[in-house]
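**Q** The structure follows.
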Amino acid sequence: MRRRRPEVPDVLLKTNKPTWREHLGPAAVIMVGVLAVVLVGIVARVSRSDRPAATGPVTGSVTDPTLDQVPIPLPSPSVSTSPAPINSITIEQGSVPDSVDLAHEGKIDWVHWGEGGTYSLERSAAGGFAILEGTPDAPRRRHTLSPERFRWSGGTPAAGNDGTTSGIRTCGADNGFTLSAPATPEPRKLRLYLGVTAGRGLLRIKLSTGDLVTGDKAITSELVEDGDALKTAKYTISYRATGPGRISIEWITDESFSSDCGGVALQAATLF
């Protein structure tokens, strides 16, 4: 007797074979993911290629110093010191020009002697009395013997002069004039317009910050005139001192050749 096969529901006997549409969906998702990963990689690589190359070690990283990074010991900076000024006096003798403009030459101060009288001084109104004369000693006379003329402007008590031949003179041996002017470490020039008649004049110069400088060795000068005419000369004294002080000038009759009035004369001085 044949057994009867149990009946199987149709739903179980139906084959579940997937269709092509069911395969296409997951494949598309996978493809999109792969393309996204590839695209991100390309973008990252392009970004790195556009970035400038590093020129040094990354901050915070430990690297060995290169040769140009090794500090080179430098010598300690030396303190530059200028040499201390020393007492210095030089003198230059020359002839007097036919006309001398005292105001133009004496940028610091200027003085003229004798225009207003035996004891008169005509000087720069703005000079601050830088050039000073010591106490006058008799005998003292006014003269108008100068072969050159002196002119000025901006003076006191005489405001100006177009050209004068006046000055002062003294008579007899050991008589003369003394002058002084400021001395500083900065170089200065004092110019003297001097004369002598029937005598020998001796110029002696000293600084208050140093010893007397005299004699034939350096700066002393003599001016000699045998006759009664007035012989003149221009003396330019260049000087500097170790510190604030004064330069002193003595213009003395070393020898007189006349019993009348042989001796030295003084016309003008400028400081610049």
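So you can find residues: chains in the structure tokens are A, B, ... in the order shown, residues in each start at 1, and ligands are numbered from 1 in order.
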Excluding same-chain residues fewer than 3 positions from A:Ala268, what lies within 6 Å of it counting only C-alpha atoms, as a list in words?
**A** Val111, His112 and Tyr193 of chain A
**Q** My list of candidates is A:Glu222, A:Glu122, A:Glu105, A:Glu186. Which is closest to A:Asp254 when distances are computed with only C-alpha atoms?
**A**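 Checking each of A:Glu222, A:Glu122, A:Glu105, A:Glu186 against A:Asp254, counting only C-alpha atoms, the winner is A:Glu222.
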**Q** Under the rule that only C-alpha atoms are counted, which of A:Pro244, A:Pro97, A:Gly127, A:Gly210 is the nearest residue to A:Thr156?
**A**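 Nearest to A:Thr156: A:Gly127.
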**Q** Can you pull out the residues contacting A:Gln267? Cut-off 6 Å, using only C-alpha atoms, and skip same-chain residues under 5 positions away; I want them as a list of chain:residue names.
**A** A:Trp113, A:Gly167, A:Tyr193, A:Leu194
**Q** Could you jot down the atom CA of A:Asp137 to atom CA of A:Lys234 separation for me, Å, one decimal place?
**A**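 One can read the atom CA of A:Asp137 to atom CA of A:Lys234 distance as 23.2 Å.
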**Q** Excluding A:Ile168 and any residue of its chain fewer than 2 positions from it, enumerate the residues within 7 Å of it, using only C-alpha atoms, and give them as a PyMOL selection string.
**A** chain A and resi 113-114+118+140-143+265-267
**Q** When you count only C-alpha atoms, which of these residues is closest to A:Gly128: A:Gly155, A:Gly195, A:Gly163, A:Gly243?
**A**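 Looking only at the distances to A:Gly128, the closest residue turns out to be A:Gly155.
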**Q** Just checking: using only C-alpha atoms, which residue out of A:Ile247, A:Val264, A:Leu223, A:Leu203 ends up closest to A:Ser180?
**A** A:Ile247
**Q** Please extract the residues of stretch 87-174 of chain A with a backbone DSSP assignment of helix (DSSP H, G or I) and present them as a PyMOL selection string.
**A** chain A and resi 102-105
**Q** What does the file look like for those residues with all heavy atoms, as a CSV table (one decimal), in the first residue's frame?
**A**
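Written output follows (part-v7.csv):
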```csv
chain,number,residue,atom,x,y,z
A,102,LEU,N,87.0,142.6,12.9
A,102,LEU,CA,87.0,142.0,14.2
A,102,LEU,C,85.8,141.2,14.5
A,102,LEU,O,85.8,140.1,15.0
A,102,LEU,CB,87.3,143.0,15.3
A,102,LEU,CG,88.6,143.8,15.2
A,102,LEU,CD1,88.7,144.8,16.3
A,102,LEU,CD2,89.8,142.8,15.3
A,103,ALA,N,84.6,141.7,14.1
A,103,ALA,CA,83.3,141.1,14.4
A,103,ALA,C,83.2,139.8,13.6
A,103,ALA,O,82.6,138.8,14.0
A,103,ALA,CB,82.2,142.0,14.1
A,104,HIS,N,83.7,139.8,12.3
A,104,HIS,CA,83.6,138.6,11.5
A,104,HIS,C,84.6,137.5,12.0
A,104,HIS,O,84.2,136.3,11.9
A,104,HIS,CB,84.0,139.0,10.1
A,104,HIS,CG,84.0,137.8,9.1
A,104,HIS,ND1,82.9,137.2,8.6
A,104,HIS,CD2,85.1,137.1,8.6
A,104,HIS,CE1,83.2,136.2,7.8
A,104,HIS,NE2,84.5,136.1,7.8
A,105,GLU,N,85.7,137.9,12.5
A,105,GLU,CA,86.7,136.9,12.9
A,105,GLU,C,86.4,136.4,14.3
A,105,GLU,O,86.6,135.2,14.6
A,105,GLU,CB,88.1,137.6,12.9
A,105,GLU,CG,89.2,136.6,13.2
A,105,GLU,CD,90.6,137.4,13.0
A,105,GLU,OE1,91.0,137.5,11.8
A,105,GLU,OE2,91.1,137.8,14.0
```
**Q** Between A:Thr197, A:Ile108, A:Phe257, A:Arg123, single out the one closest to A:Ala158, counting only C-alpha atoms.
**A**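 Under the stated criterion, the closest residue is A:Arg123.
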**Q** Find the residues near A:Leu190: any atom within 7 Å, counting only C-alpha atoms, skip ones fewer than 6 places away on the same chain, and give them as a list in words.
**A**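 Counting only the stated atoms, we get Thr236, Ile237, Ser238, Thr270, Leu271 and Phe272 of chain A.
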**Q** Could you write out the selected residues, including N, CA and C atoms, as an mmCIF file, in the first residue's frame?
**A**
```cif
data_model
loop_
_atom_site.group_PDB
_atom_site.id
_atom_site.type_symbol
_atom_site.label_atom_id
_atom_site.label_comp_id
_atom_site.auth_asym_id
_atom_site.auth_seq_id
_atom_site.Cartn_x
_atom_site.Cartn_y
_atom_site.Cartn_z
ATOM 1 N N THR A 236 98.546 133.883 16.032
ATOM 2 C CA THR A 236 97.409 132.970 16.196
ATOM 3 C C THR A 236 97.817 131.879 17.171
ATOM 4 N N ILE A 237 97.174 131.842 18.323
ATOM 5 C CA ILE A 237 97.498 130.888 19.384
ATOM 6 C C ILE A 237 96.410 129.819 19.413
ATOM 7 N N SER A 238 96.775 128.594 19.092
ATOM 8 C CA SER A 238 95.855 127.454 19.159
ATOM 9 C C SER A 238 96.128 126.703 20.451
ATOM 10 N N THR A 270 91.025 138.615 19.021
ATOM 11 C CA THR A 270 89.792 137.905 18.701
ATOM 12 C C THR A 270 89.862 136.477 19.244
ATOM 13 N N LEU A 271 88.719 135.919 19.601
ATOM 14 C CA LEU A 271 88.648 134.552 20.125
ATOM 15 C C LEU A 271 87.638 133.777 19.290
ATOM 16 N N PHE A 272 88.042 132.603 18.800
ATOM 17 C CA PHE A 272 87.161 131.776 17.971
ATOM 18 C C PHE A 272 87.544 130.313 18.080
#
```
**Q** Pull the strand (DSSP E or B) assignments for stretch 194-267 of chain A out of DSSP run on the backbone, and list those residues as a PyMOL selection string.
**A** chain A and resi 194-197+199-207+212-213+221-225+231-240+245-256+263-267
**Q** Would you mind exporting N, CA and C atoms of the selected residues as a short mmCIF file (atom, residue, chain, number, x, y, z; two decimals), in the first residue's frame?
**A**
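Result file again-v8.cif:
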```
data_model
loop_
_atom_site.label_atom_id
_atom_site.label_comp_id
_atom_site.auth_asym_id
_atom_site.auth_seq_id
_atom_site.Cartn_x
_atom_site.Cartn_y
_atom_site.Cartn_z
N LEU A 194 99.53 142.65 17.61
CA LEU A 194 100.52 143.28 18.48
C LEU A 194 101.50 144.13 17.67
N GLY A 195 102.26 144.95 18.39
CA GLY A 195 103.27 145.78 17.74
C GLY A 195 104.39 146.14 18.70
N VAL A 196 105.47 146.70 18.15
CA VAL A 196 106.59 147.16 18.96
C VAL A 196 107.27 148.31 18.21
N THR A 197 107.78 149.27 18.98
CA THR A 197 108.53 150.38 18.39
C THR A 197 109.76 150.64 19.25
N GLY A 199 112.21 148.78 20.22
CA GLY A 199 112.38 147.85 21.32
C GLY A 199 112.22 146.40 20.88
N ARG A 200 112.34 145.51 21.84
CA ARG A 200 112.16 144.07 21.62
C ARG A 200 110.99 143.62 22.50
N GLY A 201 109.97 143.04 21.87
CA GLY A 201 108.82 142.52 22.61
C GLY A 201 108.92 141.02 22.79
N LEU A 202 108.54 140.54 23.95
CA LEU A 202 108.58 139.10 24.27
C LEU A 202 107.17 138.64 24.63
N LEU A 203 106.72 137.58 23.94
CA LEU A 203 105.39 137.00 24.17
C LEU A 203 105.54 135.74 25.02
N ARG A 204 104.86 135.70 26.15
CA ARG A 204 104.89 134.52 27.03
C ARG A 204 103.46 134.04 27.26
N ILE A 205 103.29 132.69 27.21
CA ILE A 205 101.96 132.10 27.27
C ILE A 205 101.95 130.98 28.30
N LYS A 206 100.86 130.87 29.07
CA LYS A 206 100.71 129.76 30.01
C LYS A 206 99.24 129.40 30.17
N LEU A 207 99.01 128.17 30.60
CA LEU A 207 97.67 127.69 30.93
C LEU A 207 97.56 127.52 32.43
N LEU A 212 104.08 126.89 32.94
CA LEU A 212 104.44 127.97 32.02
C LEU A 212 105.24 127.42 30.85
N VAL A 213 104.88 127.85 29.65
CA VAL A 213 105.62 127.45 28.46
C VAL A 213 106.30 128.69 27.92
N SER A 221 107.71 133.96 21.28
CA SER A 221 108.10 134.69 20.08
C SER A 221 108.57 136.08 20.44
N GLU A 222 109.52 136.56 19.70
CA GLU A 222 110.02 137.92 19.88
C GLU A 222 109.72 138.75 18.63
N LEU A 223 109.46 140.01 18.86
CA LEU A 223 109.24 140.95 17.78
C LEU A 223 110.13 142.16 18.04
N VAL A 224 110.96 142.50 17.06
CA VAL A 224 111.98 143.53 17.26
C VAL A 224 111.82 144.64 16.22
N GLU A 225 111.92 145.89 16.70
CA GLU A 225 111.94 147.05 15.82
C GLU A 225 112.98 148.04 16.35
N LYS A 231 106.21 148.40 14.25
CA LYS A 231 106.22 147.13 13.53
C LYS A 231 105.13 146.25 14.12
N THR A 232 104.26 145.69 13.28
CA THR A 232 103.11 144.91 13.76
C THR A 232 103.23 143.45 13.33
N ALA A 233 102.47 142.59 14.01
CA ALA A 233 102.42 141.16 13.67
C ALA A 233 101.10 140.59 14.18
N LYS A 234 100.69 139.52 13.53
CA LYS A 234 99.49 138.77 13.92
C LYS A 234 99.94 137.44 14.52
N TYR A 235 99.50 137.15 15.74
CA TYR A 235 99.83 135.89 16.41
C TYR A 235 98.55 135.08 16.60
N THR A 236 98.55 133.88 16.03
CA THR A 236 97.41 132.97 16.20
C THR A 236 97.82 131.88 17.17
N ILE A 237 97.17 131.84 18.32
CA ILE A 237 97.50 130.89 19.38
C ILE A 237 96.41 129.82 19.41
N SER A 238 96.77 128.59 19.09
CA SER A 238 95.86 127.45 19.16
C SER A 238 96.13 126.70 20.45
N TYR A 239 95.09 126.40 21.20
CA TYR A 239 95.32 125.78 22.52
C TYR A 239 94.13 124.95 22.96
N ARG A 240 94.39 124.06 23.92
CA ARG A 240 93.36 123.30 24.62
C ARG A 240 93.92 122.92 25.99
N GLY A 245 89.70 126.12 32.54
CA GLY A 245 90.74 126.99 33.10
C GLY A 245 90.85 128.25 32.25
N ARG A 246 92.04 128.85 32.25
CA ARG A 246 92.27 130.06 31.46
C ARG A 246 93.65 130.01 30.84
N ILE A 247 93.77 130.68 29.70
CA ILE A 247 95.06 130.89 29.07
C ILE A 247 95.46 132.34 29.36
N SER A 248 96.72 132.52 29.75
CA SER A 248 97.23 133.85 30.11
C SER A 248 98.32 134.27 29.14
N ILE A 249 98.27 135.54 28.74
CA ILE A 249 99.21 136.09 27.77
C ILE A 249 99.94 137.26 28.42
N GLU A 250 101.25 137.29 28.27
CA GLU A 250 102.05 138.44 28.67
C GLU A 250 102.78 138.96 27.42
N TRP A 251 102.56 140.26 27.14
CA TRP A 251 103.25 140.92 26.02
C TRP A 251 104.09 142.02 26.65
N ILE A 252 105.39 141.73 26.82
CA ILE A 252 106.27 142.53 27.67
C ILE A 252 107.41 143.13 26.84
N THR A 253 107.81 144.34 27.21
CA THR A 253 109.00 144.95 26.60
C THR A 253 110.23 144.31 27.23
N ASP A 254 110.87 143.45 26.45
CA ASP A 254 112.06 142.77 26.96
C ASP A 254 113.26 143.71 26.97
N GLU A 255 113.31 144.64 26.00
CA GLU A 255 114.40 145.62 25.93
C GLU A 255 113.90 146.85 25.18
N SER A 256 114.24 148.03 25.69
CA SER A 256 113.86 149.29 25.05
C SER A 256 115.09 149.93 24.42
N GLY A 263 108.94 150.49 23.27
CA GLY A 263 108.22 149.41 23.95
C GLY A 263 107.18 148.75 23.05
N VAL A 264 106.34 147.92 23.66
CA VAL A 264 105.35 147.12 22.93
C VAL A 264 104.03 147.87 22.80
N ALA A 265 103.23 147.43 21.81
CA ALA A 265 101.92 148.05 21.55
C ALA A 265 100.88 146.94 21.41
N LEU A 266 99.61 147.32 21.64
CA LEU A 266 98.49 146.36 21.59
C LEU A 266 97.35 147.02 20.82
N GLN A 267 96.87 146.34 19.76
CA GLN A 267 95.77 146.88 18.97
C GLN A 267 94.45 146.14 19.19
#
```
**Q** Between A:Gly227, A:Arg191, A:Asp162, A:Pro185, which has the minimum distance to A:Ile86 (counting only C-alpha atoms)?
**A** A:Pro185
**Q** I'd like the contact shell of A:Ala126 - 8 Å cut-off, only C-alpha atoms, skipping same-chain residues fewer than 2 positions apart - returned as JSON, numbers by chain.
**A** {"A": [109, 124, 128, 154]}
**Q** Could you write out the selected residues, including N, CA, C and O atoms, as an mmCIF file, in the first residue's frame?
**A**
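Everything below was put into selection-v3.cif:
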```
data_model
loop_
_atom_site.group_PDB
_atom_site.id
_atom_site.type_symbol
_atom_site.label_atom_id
_atom_site.label_comp_id
_atom_site.auth_asym_id
_atom_site.auth_seq_id
_atom_site.Cartn_x
_atom_site.Cartn_y
_atom_site.Cartn_z
ATOM 1 N N ASP A 109 84.434 136.110 20.907
ATOM 2 C CA ASP A 109 84.591 137.446 21.482
ATOM 3 C C ASP A 109 85.658 138.193 20.698
ATOM 4 O O ASP A 109 86.487 137.580 20.001
ATOM 5 N N SER A 124 83.029 143.252 21.710
ATOM 6 C CA SER A 124 81.790 142.645 21.230
ATOM 7 C C SER A 124 80.705 142.758 22.303
ATOM 8 O O SER A 124 80.925 142.413 23.468
ATOM 9 N N GLY A 128 80.408 138.421 26.079
ATOM 10 C CA GLY A 128 80.396 137.965 27.472
ATOM 11 C C GLY A 128 81.701 138.178 28.204
ATOM 12 O O GLY A 128 81.988 137.452 29.158
ATOM 13 N N GLY A 154 78.443 145.696 15.874
ATOM 14 C CA GLY A 154 77.911 144.980 17.033
ATOM 15 C C GLY A 154 78.766 145.143 18.273
ATOM 16 O O GLY A 154 78.843 144.231 19.101
#
```
